[in-house]
$ cat work-v3.cif   # mmCIF, C-alpha atoms
data_final
#
loop_
_atom_site.group_PDB
_atom_site.id
_atom_site.type_symbol
_atom_site.label_atom_id
_atom_site.label_comp_id
_atom_site.auth_asym_id
_atom_site.auth_seq_id
_atom_site.Cartn_x
_atom_site.Cartn_y
_atom_site.Cartn_z
ATOM 1 C CA MET A 7 32.754 -9.639 -0.664
ATOM 2 C CA ASN A 8 30.009 -8.428 -2.979
ATOM 3 C CA LEU A 9 27.270 -6.072 -1.832
ATOM 4 C CA LYS A 10 24.222 -7.914 -3.142
ATOM 5 C CA SER A 11 22.697 -9.166 0.106
ATOM 6 C CA GLU A 12 21.768 -7.171 3.178
ATOM 7 C CA SER A 13 24.073 -9.241 5.365
ATOM 8 C CA SER A 14 27.039 -8.563 3.047
ATOM 9 C CA VAL A 15 26.351 -4.817 3.119
ATOM 10 C CA LEU A 16 26.209 -4.830 6.926
ATOM 11 C CA GLU A 17 29.397 -6.868 7.190
ATOM 12 C CA ALA A 18 31.245 -4.669 4.686
ATOM 13 C CA ALA A 19 30.227 -1.491 6.506
ATOM 14 C CA GLN A 20 31.206 -2.978 9.865
ATOM 15 C CA LEU A 21 34.615 -4.058 8.539
ATOM 16 C CA ALA A 22 35.257 -0.653 7.004
ATOM 17 C CA LEU A 23 34.399 1.230 10.158
ATOM 18 C CA SER A 24 36.031 -1.091 12.675
ATOM 19 C CA ALA A 25 39.274 -1.322 10.709
ATOM 20 C CA THR A 26 39.706 2.453 10.542
ATOM 21 C CA VAL A 27 38.974 2.790 14.253
ATOM 22 C CA ARG A 28 41.155 -0.136 15.323
ATOM 23 C CA GLU A 29 44.075 0.704 13.002
ATOM 24 C CA GLU A 30 44.831 4.418 13.310
ATOM 25 C CA ASN A 31 47.642 4.207 10.752
ATOM 26 C CA VAL A 32 45.135 2.870 8.224
ATOM 27 C CA ARG A 33 42.785 5.773 8.863
ATOM 28 C CA LEU A 34 45.592 8.326 8.650
ATOM 29 C CA HIS A 35 46.798 6.797 5.392
ATOM 30 C CA MET A 36 43.321 7.106 3.880
ATOM 31 C CA GLU A 37 42.609 10.666 5.006
ATOM 32 C CA PRO A 38 44.350 12.402 2.078
ATOM 33 C CA PHE A 39 42.229 10.325 -0.310
ATOM 34 C CA GLY A 40 38.900 11.434 1.153
ATOM 35 C CA LEU A 41 38.291 9.511 4.386
ATOM 36 C CA THR A 42 37.112 12.412 6.552
ATOM 37 C CA ALA A 43 35.704 12.300 10.072
ATOM 38 C CA ALA A 44 32.382 13.366 8.623
ATOM 39 C CA LEU A 45 32.381 10.418 6.214
ATOM 40 C CA GLN A 46 33.145 8.001 9.026
ATOM 41 C CA GLN A 47 30.371 9.493 11.155
ATOM 42 C CA GLN A 48 27.977 9.200 8.251
ATOM 43 C CA GLY A 49 28.926 5.540 7.887
ATOM 44 C CA ASN A 50 28.239 4.870 11.568
ATOM 45 C CA GLU A 51 24.853 6.565 11.363
ATOM 46 C CA LEU A 52 23.860 4.747 8.179
ATOM 47 C CA LEU A 53 24.945 1.415 9.630
ATOM 48 C CA GLU A 54 22.867 1.890 12.774
ATOM 49 C CA LYS A 55 19.908 3.077 10.729
ATOM 50 C CA ALA A 56 20.038 0.034 8.450
ATOM 51 C CA LYS A 57 20.330 -2.365 11.398
ATOM 52 C CA SER A 58 17.447 -0.659 13.194
ATOM 53 C CA CYS A 59 15.197 -0.779 10.126
ATOM 54 C CA GLN A 60 16.017 -4.426 9.521
ATOM 55 C CA SER A 61 15.266 -5.323 13.148
ATOM 56 C CA ARG A 62 11.979 -3.409 13.148
ATOM 57 C CA GLN A 63 10.889 -5.052 9.905
ATOM 58 C CA THR A 64 11.605 -8.497 11.342
ATOM 59 C CA ILE A 65 9.619 -7.736 14.490
ATOM 60 C CA LEU A 66 6.619 -6.434 12.521
ATOM 61 C CA TYR A 67 6.511 -9.420 10.185
ATOM 62 C CA ASP A 68 6.881 -11.812 13.127
ATOM 63 C CA GLU A 69 3.961 -10.085 14.858
ATOM 64 C CA GLN A 70 1.908 -10.269 11.681
ATOM 65 C CA TRP A 71 2.689 -13.986 11.359
ATOM 66 C CA SER A 72 1.664 -14.667 14.974
ATOM 67 C CA ILE A 73 -1.612 -12.813 14.488
ATOM 68 C CA SER A 74 -2.281 -14.792 11.310
ATOM 69 C CA GLN A 75 -1.763 -18.069 13.164
ATOM 70 C CA GLN A 76 -4.169 -16.964 15.886
ATOM 71 C CA LEU A 77 -6.681 -15.774 13.312
ATOM 72 C CA ASN A 78 -6.650 -19.057 11.422
ATOM 73 C CA ALA A 79 -7.307 -21.036 14.590
ATOM 74 C CA GLU A 80 -10.064 -18.746 15.863
ATOM 75 C CA LEU A 81 -11.631 -18.407 12.421
ATOM 76 C CA ASP A 82 -12.249 -22.148 12.155
ATOM 77 C CA ALA A 83 -13.651 -22.286 15.690
ATOM 78 C CA THR A 84 -15.974 -19.331 15.034
ATOM 79 C CA HIS A 85 -17.249 -20.820 11.795
ATOM 80 C CA SER A 86 -18.013 -24.144 13.443
ATOM 81 C CA LEU A 87 -19.786 -22.575 16.429
ATOM 82 C CA PHE A 88 -21.878 -20.234 14.291
ATOM 83 C CA LYS A 89 -22.962 -22.999 11.933
ATOM 84 C CA GLU A 90 -24.038 -25.125 14.881
ATOM 85 C CA HIS A 91 -26.021 -22.239 16.425
ATOM 86 C CA ALA A 92 -27.605 -21.412 13.082
ATOM 87 C CA LYS A 93 -28.661 -25.026 12.474
ATOM 88 C CA VAL A 94 -30.287 -25.210 15.900
ATOM 89 C CA SER A 95 -32.066 -21.903 15.243
ATOM 90 C CA ARG A 96 -33.419 -23.167 11.924
ATOM 91 C CA MET A 97 -34.950 -26.099 13.741
ATOM 92 C CA ALA A 98 -36.186 -24.049 16.698
ATOM 93 C CA PHE A 99 -37.909 -21.418 14.547
ATOM 94 C CA ARG A 100 -38.871 -23.590 11.582
ATOM 95 C CA LYS A 101 -42.541 -22.611 12.007
ATOM 96 C CA GLU A 102 -41.698 -18.887 12.001
ATOM 97 C CA PRO A 103 -40.473 -18.132 8.468
ATOM 98 C CA ASP A 104 -40.475 -14.353 8.979
ATOM 99 C CA LEU A 105 -38.261 -14.715 12.035
ATOM 100 C CA LEU A 106 -35.887 -17.061 10.262
ATOM 101 C CA HIS A 107 -35.685 -14.661 7.347
ATOM 102 C CA SER A 108 -34.772 -11.828 9.705
ATOM 103 C CA LEU A 109 -31.841 -13.856 11.031
ATOM 104 C CA LYS A 110 -30.400 -14.294 7.512
ATOM 105 C CA ILE A 111 -29.412 -17.918 8.041
ATOM 106 C CA GLU A 112 -31.305 -19.577 5.191
ATOM 107 C CA ARG A 113 -27.887 -20.451 3.768
ATOM 108 C CA PHE A 114 -24.261 -19.930 4.685
ATOM 109 C CA VAL A 115 -22.014 -17.691 2.625
ATOM 110 C CA LYS A 116 -18.937 -19.493 1.331
ATOM 111 C CA GLN A 117 -16.200 -16.923 1.863
ATOM 112 C CA ALA A 118 -14.454 -17.006 5.243
ATOM 113 C CA TRP A 119 -14.773 -13.386 6.343
ATOM 114 C CA PRO A 120 -18.251 -12.709 4.922
ATOM 115 C CA LEU A 121 -19.285 -15.761 6.957
ATOM 116 C CA VAL A 122 -17.925 -14.037 10.064
ATOM 117 C CA ARG A 123 -19.995 -10.953 9.216
ATOM 118 C CA GLN A 124 -23.016 -13.212 8.800
ATOM 119 C CA ALA A 125 -22.349 -14.609 12.248
ATOM 120 C CA GLU A 126 -22.008 -11.117 13.694
ATOM 121 C CA TYR A 127 -25.398 -10.117 12.256
ATOM 122 C CA PHE A 128 -27.022 -13.341 13.491
ATOM 123 C CA TYR A 129 -25.852 -12.941 17.094
ATOM 124 C CA GLU A 130 -26.898 -9.294 17.165
ATOM 125 C CA ARG A 131 -30.435 -10.158 15.964
ATOM 126 C CA VAL A 132 -30.792 -13.056 18.418
ATOM 127 C CA LEU A 133 -29.877 -10.824 21.354
ATOM 128 C CA GLU A 134 -31.880 -7.827 20.164
ATOM 129 C CA GLN A 135 -35.012 -9.924 19.723
ATOM 130 C CA GLU A 136 -34.320 -11.812 22.950
ATOM 131 C CA LEU A 137 -34.810 -15.142 21.213
ATOM 132 C CA ASN A 138 -34.843 -18.064 23.609
ATOM 133 C CA LEU A 139 -32.666 -20.979 22.542
ATOM 134 C CA GLN A 140 -32.273 -22.332 26.069
ATOM 135 C CA PRO A 141 -34.709 -25.224 25.438
ATOM 136 C CA TYR A 142 -32.413 -26.329 22.616
ATOM 137 C CA GLY A 143 -29.260 -26.272 24.708
ATOM 138 C CA ILE A 144 -27.975 -22.791 23.878
ATOM 139 C CA SER A 145 -28.015 -20.279 26.725
ATOM 140 C CA LYS A 146 -28.103 -16.513 26.385
ATOM 141 C CA LYS A 147 -24.642 -16.383 27.955
ATOM 142 C CA GLU A 148 -23.320 -18.687 25.235
ATOM 143 C CA ILE A 149 -24.770 -16.404 22.555
ATOM 144 C CA GLU A 150 -23.189 -13.369 24.217
ATOM 145 C CA GLN A 151 -19.836 -15.125 24.376
ATOM 146 C CA ALA A 152 -20.100 -16.121 20.733
ATOM 147 C CA LYS A 153 -20.886 -12.541 19.729
ATOM 148 C CA ALA A 154 -17.902 -11.292 21.721
ATOM 149 C CA ALA A 155 -15.664 -13.887 20.051
ATOM 150 C CA VAL A 156 -16.789 -12.687 16.629
ATOM 151 C CA ARG A 157 -16.063 -9.095 17.595
ATOM 152 C CA ARG A 158 -12.587 -10.022 18.855
ATOM 153 C CA LEU A 159 -11.929 -11.887 15.629
ATOM 154 C CA LEU A 160 -12.826 -8.860 13.514
ATOM 155 C CA GLU A 161 -10.673 -6.607 15.696
ATOM 156 C CA LEU A 162 -7.798 -9.047 15.340
ATOM 157 C CA LYS A 163 -8.177 -8.907 11.581
ATOM 158 C CA GLU A 164 -7.994 -5.109 11.718
ATOM 159 C CA THR A 165 -4.853 -5.365 13.842
ATOM 160 C CA ARG A 166 -3.262 -7.687 11.302
ATOM 161 C CA MET A 167 -4.044 -5.274 8.471
ATOM 162 C CA HIS A 168 -2.518 -2.457 10.511
ATOM 163 C CA LYS A 169 0.630 -4.506 11.177
ATOM 164 C CA LYS A 170 0.815 -5.397 7.486
ATOM 165 C CA GLY A 171 0.706 -1.724 6.535
ATOM 166 C CA LEU A 172 3.400 -0.880 9.066
ATOM 167 C CA ALA A 173 5.569 -3.757 7.852
ATOM 168 C CA GLU A 174 5.253 -2.729 4.208
ATOM 169 C CA ASN A 175 6.130 0.861 5.056
ATOM 170 C CA CYS A 176 9.028 -0.336 7.187
ATOM 171 C CA THR A 177 10.272 -2.455 4.268
ATOM 172 C CA GLN A 178 10.414 0.628 2.069
ATOM 173 C CA GLU A 179 12.340 2.503 4.758
ATOM 174 C CA LYS A 180 14.715 -0.451 5.202
ATOM 175 C CA ASN A 181 15.341 -0.729 1.461
ATOM 176 C CA ALA A 182 16.138 2.988 1.307
ATOM 177 C CA ALA A 183 18.445 2.695 4.328
ATOM 178 C CA PHE A 184 20.353 -0.217 2.799
ATOM 179 C CA LYS A 185 20.706 1.631 -0.503
ATOM 180 C CA GLU A 186 22.280 4.555 1.336
ATOM 181 C CA LEU A 187 24.588 2.241 3.264
ATOM 182 C CA ARG A 188 25.526 0.318 0.110
ATOM 183 C CA ASP A 189 26.385 3.602 -1.625
ATOM 184 C CA TRP A 190 28.490 4.618 1.368
ATOM 185 C CA VAL A 191 30.404 1.324 1.332
ATOM 186 C CA SER A 192 31.037 1.706 -2.398
ATOM 187 C CA ARG A 193 32.416 5.195 -1.801
ATOM 188 C CA PHE A 194 34.591 3.969 1.078
ATOM 189 C CA ARG A 195 35.966 1.146 -1.056
ATOM 190 C CA ALA A 196 36.779 3.530 -3.873
ATOM 191 C CA ILE A 197 38.821 5.608 -1.404
ATOM 192 C CA ALA A 198 40.516 2.470 -0.054
ATOM 193 C CA ARG A 199 41.517 1.290 -3.516
ATOM 194 C CA LEU A 200 43.124 4.651 -4.223
ATOM 195 C CA ALA A 201 44.863 4.770 -0.866
ATOM 196 C CA PHE A 202 46.276 1.250 -1.122
ATOM 197 C CA LYS A 203 46.879 1.103 -4.830
ATOM 198 C CA GLY A 204 50.474 0.212 -4.156
ATOM 199 C CA ASN A 205 49.630 -2.338 -1.467
ATOM 200 C CA PRO A 206 46.365 -4.032 -2.561
ATOM 201 C CA GLN A 207 46.662 -6.797 0.047
ATOM 202 C CA MET A 208 45.646 -4.217 2.653
ATOM 203 C CA LEU A 209 42.206 -4.102 1.064
ATOM 204 C CA GLU A 210 41.429 -7.494 2.535
ATOM 205 C CA ILE A 211 40.958 -5.980 6.004
ATOM 206 C CA PHE A 212 37.912 -4.233 4.538
ATOM 207 C CA GLY A 213 36.521 -7.434 3.056
ATOM 208 C CA ILE A 214 37.577 -6.443 -0.446
ATOM 209 C CA GLN A 215 38.674 -9.496 -2.385
ATOM 210 C CA VAL A 216 42.079 -9.134 -4.004
ATOM 211 C CA LEU A 217 42.913 -11.398 -6.932
ATOM 212 C CA SER A 218 46.352 -12.914 -6.681
ATOM 213 C CA LYS A 219 48.584 -12.416 -9.658
ATOM 214 C CA VAL A 220 49.901 -15.658 -11.084
#

$ encode --input "work-v3.cif" --output "structure tokens"
Amino acid sequence: MNLKSESSVLEAAQLALSATVREENVRLHMEPFGLTAALQQQGNELLEKAKSCQSRQTILYDEQWSISQQLNAELDATHSLFKEHAKVSRMAFRKEPDLLHSLKIERFVKQAWPLVRQAEYFYERVLEQELNLQPYGISKKEIEQAKAAVRRLLELKETRMHKKGLAENCTQEKNAAFKELRDWVSRFRAIARLAFKGNPQMLEIFGIQVLSKV
């Protein structure tokens, strides 16, 4: 068993630790070659640390993925609603160029998130100026709800960025943890090879491949 993948490192560490606990004679045989209680304890701690880091990383990336799915769905809905409200406003206030200019809806920005910021500004101005779009089928309550939806969308984006930062930091911690565990397994295997130099078949209980002599 090589130690290239995370799963192989976890399996190798688990085999090493479980075999020395389950088979006391194996542990006693390896003690003179460097398998101390402290080394075994270190292996247990490193194994749990690596598993914990891996689990936390998975959870964070899953949460980030779920937020991204929600964002994509709400982003499209927000864009569509804002564009509809803006088009109605252009018609409603077509004879008031200064007012239209203040709403900043002469044209739509092309980028997704700047468009959300444009929507946020638009809804704030409509409510601040108490513009009446009721005759055109848009109530004040609908404008308030749209503004709140935009705010939630921006907060959700901030949450995703926060989760992304946590996940990236967690990945660094996980990589460091697996490096430590990999180094520990390599040290354990070196001890095992010395201890069972005369009986290499015993190495297989630790997941160490032994080439058969032809």

$ closest_residue --input "work-v3.cif" --among "A:Leu16, A:Leu77, A:Leu109, A:Ala152" --to "Lys57 (chain A)" --atoms "all atoms listed in the file"
A:Leu16

$ residues_around --input "work-v3.cif" --residues "Glu164 (chain A)" --least-positions-apart "6" --cutoff "12 Å" --atoms "only C-alpha atoms" --output "PyMOL selection string"
chain A and resi 70+73-74+77+119+157-158+170-171

$ residues_around --input "work-v3.cif" --residues "region 135-144 of chain A" --least-positions-apart "3" --cutoff "8 Å" --atoms "only C-alpha atoms" --output "list in words"
His91, Val94, Ser95, Ala98, Arg131, Val132, Glu148 and Ile149 of chain A

$ write_last_selection --input "work-v3.cif" --atoms "C-alpha atoms" --output "compact mmCIF listing (two decimals), in the coordinates of the input"
# COMPACT_ATOMS: atom_id res chain seq x y z
CA HIS A 91 -26.02 -22.24 16.42
CA VAL A 94 -30.29 -25.21 15.90
CA SER A 95 -32.07 -21.90 15.24
CA ALA A 98 -36.19 -24.05 16.70
CA ARG A 131 -30.44 -10.16 15.96
CA VAL A 132 -30.79 -13.06 18.42
CA GLU A 148 -23.32 -18.69 25.24
CA ILE A 149 -24.77 -16.40 22.56

$ closest_atom_pairs --input "work-v3.cif" --of "region 18-46 of chain A" --to "region 186-194 of chain A" --cutoff "8 Å" --atoms "all atoms listed in the file" --output "JSON lines"
{"residue": "A:Ala18", "atom": "CA", "partner": "A:Val191", "partner_atom": "CA", "distance": 6.9}
{"residue": "A:Ala19", "atom": "CA", "partner": "A:Val191", "partner_atom": "CA", "distance": 5.9}
{"residue": "A:Ala22", "atom": "CA", "partner": "A:Phe194", "partner_atom": "CA", "distance": 7.5}
{"residue": "A:Leu41", "atom": "CA", "partner": "A:Phe194", "partner_atom": "CA", "distance": 7.4}

$ closest_residue --input "work-v3.cif" --among "A:Val15, A:Ala198, A:Lys153, A:Thr26" --to "Leu53 (chain A)" --atoms "only C-alpha atoms"
A:Val15

$ atom_distance --input "work-v3.cif" --atom1 "CA of Tyr67 (chain A)" --atom2 "CA of Leu21 (chain A)"
28.7 Å

$ residues_near_point --input "work-v3.cif" --point "(11.2, -3.0, 4.5)" --cutoff "12 Å" --atoms "only C-alpha atoms" --output "VMD selection string"
chain A and resid 12 56 to 67 170 to 185

$ atom_distance --input "work-v3.cif" --atom1 "CA of Lys169 (chain A)" --atom2 "CA of Val156 (chain A)"
20.0 Å

$ resolve_selection --input "work-v3.cif" --expression "the PyMOL selection byres ((chain A and resi 25) around 12)" --output "JSON, numbers by chain"
{"A": [17, 18, 19, 20, 21, 22, 23, 24, 26, 27, 28, 29, 30, 31, 32, 33, 34, 36, 46, 194, 198, 208, 209, 210, 211, 212, 213]}

$ resolve_selection --input "work-v3.cif" --expression "the PyMOL selection byres ((chain A and resi 108) around 12)" --output "CSV table (one decimal) with C-alpha atoms, keeping the file's coordinate frame"
chain,number,residue,atom,x,y,z
A,95,SER,CA,-32.1,-21.9,15.2
A,96,ARG,CA,-33.4,-23.2,11.9
A,99,PHE,CA,-37.9,-21.4,14.5
A,102,GLU,CA,-41.7,-18.9,12.0
A,103,PRO,CA,-40.5,-18.1,8.5
A,104,ASP,CA,-40.5,-14.4,9.0
A,105,LEU,CA,-38.3,-14.7,12.0
A,106,LEU,CA,-35.9,-17.1,10.3
A,107,HIS,CA,-35.7,-14.7,7.3
A,109,LEU,CA,-31.8,-13.9,11.0
A,110,LYS,CA,-30.4,-14.3,7.5
A,111,ILE,CA,-29.4,-17.9,8.0
A,112,GLU,CA,-31.3,-19.6,5.2
A,124,GLN,CA,-23.0,-13.2,8.8
A,127,TYR,CA,-25.4,-10.1,12.3
A,128,PHE,CA,-27.0,-13.3,13.5
A,129,TYR,CA,-25.9,-12.9,17.1
A,130,GLU,CA,-26.9,-9.3,17.2
A,131,ARG,CA,-30.4,-10.2,16.0
A,132,VAL,CA,-30.8,-13.1,18.4
A,134,GLU,CA,-31.9,-7.8,20.2
A,135,GLN,CA,-35.0,-9.9,19.7
A,137,LEU,CA,-34.8,-15.1,21.2

$ atom_distance --input "work-v3.cif" --atom1 "CA of Ser72 (chain A)" --atom2 "CA of Leu162 (chain A)"
11.0 Å

$ closest_residue --input "work-v3.cif" --among "A:Thr165, A:Asn205, A:Gln48, A:Gln215" --to "Trp71 (chain A)" --atoms "all atoms listed in the file"
A:Thr165

$ axis_aligned_box --input "work-v3.cif" --around "region 74-88 of chain A" --padding-each-side "3 Å" --output "AutoDock Vina command-line options"
--center_x -11.8 --center_y -19.5 --center_z 13.9 --size_x 26.1 --size_y 15.4 --size_z 11.1
